[in-house]
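Have a look at the structure below before the remarks.
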Amino acid sequence: MAEKSFKYVILGGGVAAGYAAREFAKQGVQPGELALISKEAVAPYERPALSKAYLFPESPARLPGFHVCVGSGGERLLPDWYKEKGIELILSTEIVKADLPGKTLISADGKSFKYQILIIATGSTVIKLSDFGVQGADAKNIFYLREIDDADKLNEAIKEKKNGKAVIVGGGYIGLELGAALRINNLDVTMVYPEPWCMPRLFTSGIAAFYEGYYANKGIKIIKGTVAVGFSTNSEGEVTEVKLKDGNVLGADIVVVGVGGRPLTTLFKGQVEEEKGGIKTDGFFKTSVPDVYAVGDVVTFPLKLYNEDRRVEHVDHARKSAEQAVKAIKASEEGKSIDAYDYLPYFYSRAFDLSWQFYGDNVGDTVLFGDSNPASPKAKFGSYWIKDGKVVGAFLEGGTPEENKAIANVARVQPPVESLDQLAKEGLSFASKI
Ligand SMILES: Cc1cc2nc3c(=O)[nH]c(=O)nc-3n(C[C@H](O)[C@H](O)[C@H](O)COP(=O)(O)OP(=O)(O)OC[C@H]3O[C@@H](n4cnc5c(N)ncnc54)[C@H](O)[C@@H]3O)c2cc1C
């Protein structure tokens, strides 16, 4: 069996893997010391682009345009960059077995990779309707979106089913961004989700009302309080209808499902400590197994600010956790130490000409401020979350870079609040003066 040996191996080829490779290069790595193993066929890229500009009908984003680290304003790491740094980029290679005590990974094509230090950056995978045995869920033209191959297939279907009908199952991040992308491509879009409003894990009813109104004004139909329970197909096996639990049936040429993700921990089951569905790490992203680190979507880590272990499935954390892990590895080799990860949760999304940012924790009471009328030509509004008399989270739609910085600062500083009414009146100016 072919065997290769490296000092460091990054398992995964997504956002965290790319940022980890850049940090290794910054800290100094000798040619041949580091390998990045990915089942994708392309070098690490900024995954959020897949549900946004990658699906645009005009001037879509394409590789090599959005390889990491352009999403955070950094250098774009093309395949040649890895070559120049002596980093081995091992693509189209799925690892199917991880032997952590033996410090060995085995690929689907039987190759064996030995390491001294491993960084697990396997990310998440989508939850599929077929996982729940939904009838007809494996029909053609039912799509999920995680990797660039998925986005390519969706783009082909958009072209093939021009001006057709699309049904989006799920009202979270992916559902909202893809609903917009398909509408921009002139499909007739209906969104279906069981909750009383979209993105309930983050949005308050007030925030959601804006987006639902805005989407309705764009011609997107929204059906709430029900779920897809089956699909009909034509003789080619292509989806033609979505059957809903409430008895309605929707015609569909394309279905996109965004009902959540699951961290990819399967390879390490029983070998490493897990918590809250992720691989448990400390504030340096060390797992319970010596010389094994984990970063990005796959980890449950101590969120110092809230004194709680959490998993964060967002791109900012993927980037920062990767950098933290590599800094910690390099520092420990030099007998030095660094500060533990002290993360302020940050999520964002963009759809149509909208753009929002959220910082902090969405717990406690909420106040809505600003102009949240979906018909306003330039709506700008936000929300604060207040717990134990302090602002702990802040959301802003349509903010300038300075305003977004101000809400990030509020979420970090957690200033006291005397009156919620006063806070609602002050709105953004409350954040700006902190
Ligand atoms: C379509 C889409 C849009 C998004 N938009 C936003 C957004 O707007 N804002 C935001 O904050 N976050 C967004 N996210 C979330 C963000 O992209 C993720 O949090 C981030 O990519 C996590 O990085 P990661 O490196 O942990 O995982 P990933 O980027 O998913 O990378 C995991 C990598 O590991 C590889 N891999 C997995 N298992 C194996 C194996 N056994 N062998 C070899 N390789 C393997 C995968 O192929 C992949 O290359 C979005 C996610 C998606 C899917």
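Residues in the structure tokens are numbered from 1 in each chain, the chains being A, B, ... in the order shown, and ligands are numbered from 1 in the order shown.
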
Once you count only C-alpha atoms and all ligand atoms, which residues end up within 8 Å of ligand 1, and could you hand them over as number ranges by chain? A: 11-18, 37-40, 44-52, 92-97, 107, 121-125, 145-147, 173-174, 264, 267, 295-298, 312-319, 346-350

Neighbouring residues of stretch 327-333 of chain A were defined as those with any atom within 12 Å, considering only C-alpha atoms; residues of the same chain fewer than 5 positions away were excluded. Please report them as an mmCIF file with N, CA, C and O atoms, in the first residue's frame.
data_model
loop_
_atom_site.group_PDB
_atom_site.id
_atom_site.type_symbol
_atom_site.label_atom_id
_atom_site.label_comp_id
_atom_site.auth_asym_id
_atom_site.auth_seq_id
_atom_site.Cartn_x
_atom_site.Cartn_y
_atom_site.Cartn_z
ATOM 1 N N LYS A 7 4.863 15.836 8.594
ATOM 2 C CA LYS A 7 4.880 16.313 9.978
ATOM 3 C C LYS A 7 3.464 16.767 10.369
ATOM 4 O O LYS A 7 2.962 16.447 11.435
ATOM 5 N N TYR A 8 2.840 17.536 9.476
ATOM 6 C CA TYR A 8 1.481 18.027 9.743
ATOM 7 C C TYR A 8 0.562 17.613 8.606
ATOM 8 O O TYR A 8 0.921 17.774 7.438
ATOM 9 N N TYR A 19 -7.325 28.437 5.572
ATOM 10 C CA TYR A 19 -6.771 29.445 6.491
ATOM 11 C C TYR A 19 -5.682 28.839 7.371
ATOM 12 O O TYR A 19 -4.728 29.524 7.751
ATOM 13 N N ALA A 20 -5.817 27.541 7.686
ATOM 14 C CA ALA A 20 -4.763 26.876 8.470
ATOM 15 C C ALA A 20 -3.478 26.801 7.644
ATOM 16 O O ALA A 20 -2.383 27.057 8.150
ATOM 17 N N ALA A 21 -3.618 26.485 6.351
ATOM 18 C CA ALA A 21 -2.426 26.386 5.487
ATOM 19 C C ALA A 21 -1.718 27.741 5.417
ATOM 20 O O ALA A 21 -0.489 27.825 5.509
ATOM 21 N N ARG A 22 -2.521 28.811 5.278
ATOM 22 C CA ARG A 22 -1.893 30.136 5.204
ATOM 23 C C ARG A 22 -1.162 30.465 6.510
ATOM 24 O O ARG A 22 -0.058 31.019 6.501
ATOM 25 N N GLU A 23 -1.761 30.084 7.635
ATOM 26 C CA GLU A 23 -1.130 30.383 8.924
ATOM 27 C C GLU A 23 0.164 29.570 9.084
ATOM 28 O O GLU A 23 1.159 30.098 9.589
ATOM 29 N N PHE A 24 0.169 28.330 8.624
ATOM 30 C CA PHE A 24 1.411 27.536 8.660
ATOM 31 C C PHE A 24 2.498 28.253 7.853
ATOM 32 O O PHE A 24 3.643 28.349 8.286
ATOM 33 N N ALA A 25 2.108 28.749 6.665
ATOM 34 C CA ALA A 25 3.093 29.427 5.816
ATOM 35 C C ALA A 25 3.619 30.691 6.511
ATOM 36 O O ALA A 25 4.816 30.983 6.458
ATOM 37 N N LYS A 26 2.722 31.398 7.175
ATOM 38 C CA LYS A 26 3.132 32.621 7.884
ATOM 39 C C LYS A 26 4.097 32.305 9.014
ATOM 40 O O LYS A 26 5.084 33.000 9.232
ATOM 41 N N GLN A 27 3.789 31.221 9.753
ATOM 42 C CA GLN A 27 4.589 30.863 10.928
ATOM 43 C C GLN A 27 5.887 30.168 10.519
ATOM 44 O O GLN A 27 6.794 30.043 11.321
ATOM 45 N N GLY A 28 5.917 29.667 9.288
ATOM 46 C CA GLY A 28 7.134 28.990 8.806
ATOM 47 C C GLY A 28 6.956 27.490 8.778
ATOM 48 O O GLY A 28 6.790 26.859 9.827
ATOM 49 N N VAL A 29 6.952 26.938 7.564
ATOM 50 C CA VAL A 29 6.856 25.488 7.434
ATOM 51 C C VAL A 29 7.846 25.074 6.338
ATOM 52 O O VAL A 29 8.010 25.774 5.335
ATOM 53 N N GLN A 116 2.502 13.448 12.165
ATOM 54 C CA GLN A 116 2.852 13.629 13.583
ATOM 55 C C GLN A 116 1.777 14.439 14.277
ATOM 56 O O GLN A 116 1.410 14.197 15.409
ATOM 57 N N ILE A 117 1.282 15.472 13.551
ATOM 58 C CA ILE A 117 0.207 16.313 14.098
ATOM 59 C C ILE A 117 -0.906 16.387 13.060
ATOM 60 O O ILE A 117 -0.653 16.654 11.884
ATOM 61 N N LEU A 118 -2.142 16.165 13.525
ATOM 62 C CA LEU A 118 -3.296 16.190 12.621
ATOM 63 C C LEU A 118 -4.222 17.354 12.988
ATOM 64 O O LEU A 118 -4.479 17.601 14.165
ATOM 65 N N ILE A 119 -4.687 18.065 11.959
ATOM 66 C CA ILE A 119 -5.754 19.050 12.168
ATOM 67 C C ILE A 119 -6.989 18.545 11.426
ATOM 68 O O ILE A 119 -6.969 18.422 10.196
ATOM 69 N N ASP A 282 -10.195 22.263 23.504
ATOM 70 C CA ASP A 282 -9.963 23.367 24.450
ATOM 71 C C ASP A 282 -9.842 24.669 23.649
ATOM 72 O O ASP A 282 -10.120 24.701 22.442
ATOM 73 N N GLY A 283 -9.427 25.717 24.303
ATOM 74 C CA GLY A 283 -9.339 27.032 23.665
ATOM 75 C C GLY A 283 -8.155 27.165 22.699
ATOM 76 O O GLY A 283 -7.893 28.254 22.175
ATOM 77 N N PHE A 284 -7.435 26.044 22.498
ATOM 78 C CA PHE A 284 -6.332 26.024 21.527
ATOM 79 C C PHE A 284 -6.647 25.020 20.412
ATOM 80 O O PHE A 284 -5.807 24.681 19.605
ATOM 81 N N PHE A 285 -7.878 24.510 20.464
ATOM 82 C CA PHE A 285 -8.403 23.534 19.491
ATOM 83 C C PHE A 285 -7.708 22.185 19.521
ATOM 84 O O PHE A 285 -7.678 21.450 18.554
ATOM 85 N N LYS A 286 -7.172 21.871 20.726
ATOM 86 C CA LYS A 286 -6.623 20.528 20.974
ATOM 87 C C LYS A 286 -7.772 19.616 21.342
ATOM 88 O O LYS A 286 -8.600 19.979 22.185
ATOM 89 N N PRO A 290 -3.810 13.316 22.060
ATOM 90 C CA PRO A 290 -2.577 14.095 21.877
ATOM 91 C C PRO A 290 -2.237 14.269 20.393
ATOM 92 O O PRO A 290 -2.435 13.335 19.593
ATOM 93 N N ASP A 291 -1.782 15.458 20.036
ATOM 94 C CA ASP A 291 -1.350 15.781 18.662
ATOM 95 C C ASP A 291 -2.484 15.811 17.642
ATOM 96 O O ASP A 291 -2.227 15.814 16.440
ATOM 97 N N VAL A 292 -3.715 15.798 18.111
ATOM 98 C CA VAL A 292 -4.844 15.919 17.190
ATOM 99 C C VAL A 292 -5.632 17.184 17.542
ATOM 100 O O VAL A 292 -6.095 17.343 18.673
ATOM 101 N N TYR A 293 -5.743 18.062 16.567
ATOM 102 C CA TYR A 293 -6.479 19.318 16.713
ATOM 103 C C TYR A 293 -7.709 19.245 15.813
ATOM 104 O O TYR A 293 -7.753 18.445 14.868
ATOM 105 N N ALA A 294 -8.717 20.078 16.095
ATOM 106 C CA ALA A 294 -9.890 20.139 15.217
ATOM 107 C C ALA A 294 -10.339 21.598 15.143
ATOM 108 O O ALA A 294 -10.238 22.342 16.135
ATOM 109 N N LYS A 320 -10.932 31.835 11.957
ATOM 110 C CA LYS A 320 -10.187 32.208 13.174
ATOM 111 C C LYS A 320 -9.753 30.990 13.979
ATOM 112 O O LYS A 320 -8.674 30.999 14.583
ATOM 113 N N SER A 321 -10.596 29.949 14.022
ATOM 114 C CA SER A 321 -10.209 28.755 14.791
ATOM 115 C C SER A 321 -8.991 28.097 14.137
ATOM 116 O O SER A 321 -8.098 27.597 14.826
ATOM 117 N N ALA A 322 -8.970 28.113 12.793
ATOM 118 C CA ALA A 322 -7.845 27.504 12.073
ATOM 119 C C ALA A 322 -6.550 28.251 12.404
ATOM 120 O O ALA A 322 -5.507 27.637 12.685
ATOM 121 N N ILE A 338 0.202 30.777 23.970
ATOM 122 C CA ILE A 338 -0.600 31.892 23.458
ATOM 123 C C ILE A 338 -1.875 31.968 24.289
ATOM 124 O O ILE A 338 -2.187 31.038 25.034
ATOM 125 N N ASP A 339 -2.624 33.054 24.126
ATOM 126 C CA ASP A 339 -3.889 33.180 24.866
ATOM 127 C C ASP A 339 -4.918 32.215 24.293
ATOM 128 O O ASP A 339 -4.927 31.938 23.081
ATOM 129 N N ALA A 340 -5.817 31.751 25.174
ATOM 130 C CA ALA A 340 -6.902 30.870 24.704
ATOM 131 C C ALA A 340 -7.830 31.668 23.787
ATOM 132 O O ALA A 340 -7.912 32.897 23.882
ATOM 133 N N TYR A 341 -8.511 30.953 22.912
ATOM 134 C CA TYR A 341 -9.456 31.547 21.931
ATOM 135 C C TYR A 341 -10.514 32.350 22.679
ATOM 136 O O TYR A 341 -11.149 31.840 23.605
#

Long-range neighbours of A:Arg183 as a VMD selection string, 9 Å cut-off, only C-alpha atoms, 6 positions minimum in chain: chain A and resid 166 189 218 to 220

Those of stretch 23-148 of chain A in DSSP helix (DSSP H, G or I), formatted as a ChimeraX atom specification: /A:23-27,47-51,53-55,70-72,79-84,129-132,148

Fewer than 3 positions away in the same chain doesn't count, so skip those; otherwise give me all residues within 8 Å of A:Val227, counting only C-alpha atoms, as a ChimeraX atom specification. /A:169,192-194,244-246

What would the file look like if the residues just selected were written as a CSV table (one decimal), in the first residue's frame with N, CA and C atoms?
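Final output, saved to selection_19.csv:
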chain,number,residue,atom,x,y,z
A,169,VAL,N,-37.1,24.1,0.1
A,169,VAL,CA,-37.6,23.5,1.3
A,169,VAL,C,-36.6,23.9,2.4
A,192,VAL,N,-41.0,26.9,1.5
A,192,VAL,CA,-41.8,26.2,2.4
A,192,VAL,C,-41.0,25.9,3.7
A,193,TYR,N,-41.5,26.3,4.8
A,193,TYR,CA,-40.9,25.9,6.1
A,193,TYR,C,-41.9,25.8,7.2
A,194,PRO,N,-41.5,24.9,8.2
A,194,PRO,CA,-42.5,24.6,9.2
A,194,PRO,C,-42.7,25.7,10.3
A,244,LEU,N,-47.1,18.6,0.2
A,244,LEU,CA,-46.9,19.1,1.6
A,244,LEU,C,-47.8,18.4,2.6
A,245,LYS,N,-47.4,18.5,3.8
A,245,LYS,CA,-48.1,17.8,4.9
A,245,LYS,C,-49.5,18.4,5.0
A,246,ASP,N,-49.7,19.7,4.7
A,246,ASP,CA,-51.0,20.3,4.8
A,246,ASP,C,-52.0,19.9,3.7

In Å, how far is it from atom CA of A:Gly382 to atom CA of A:Gln422?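 So the answer is 14.6 Å.
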
Have a look at atom CA of A:Asn163 and atom CA of A:Phe210 and let me know their distance in Å, one decimal.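 Separation of atom CA of A:Asn163 and atom CA of A:Phe210: 26.3 Å.
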
Need the shell around A:Ala2: protein/DNA/RNA residues with any atom at most 12 Å away, counting only C-alpha atoms. Skip same-chain ones fewer than 5 positions apart. Format as a PyMOL selection string? chain A and resi 105-107+109-114
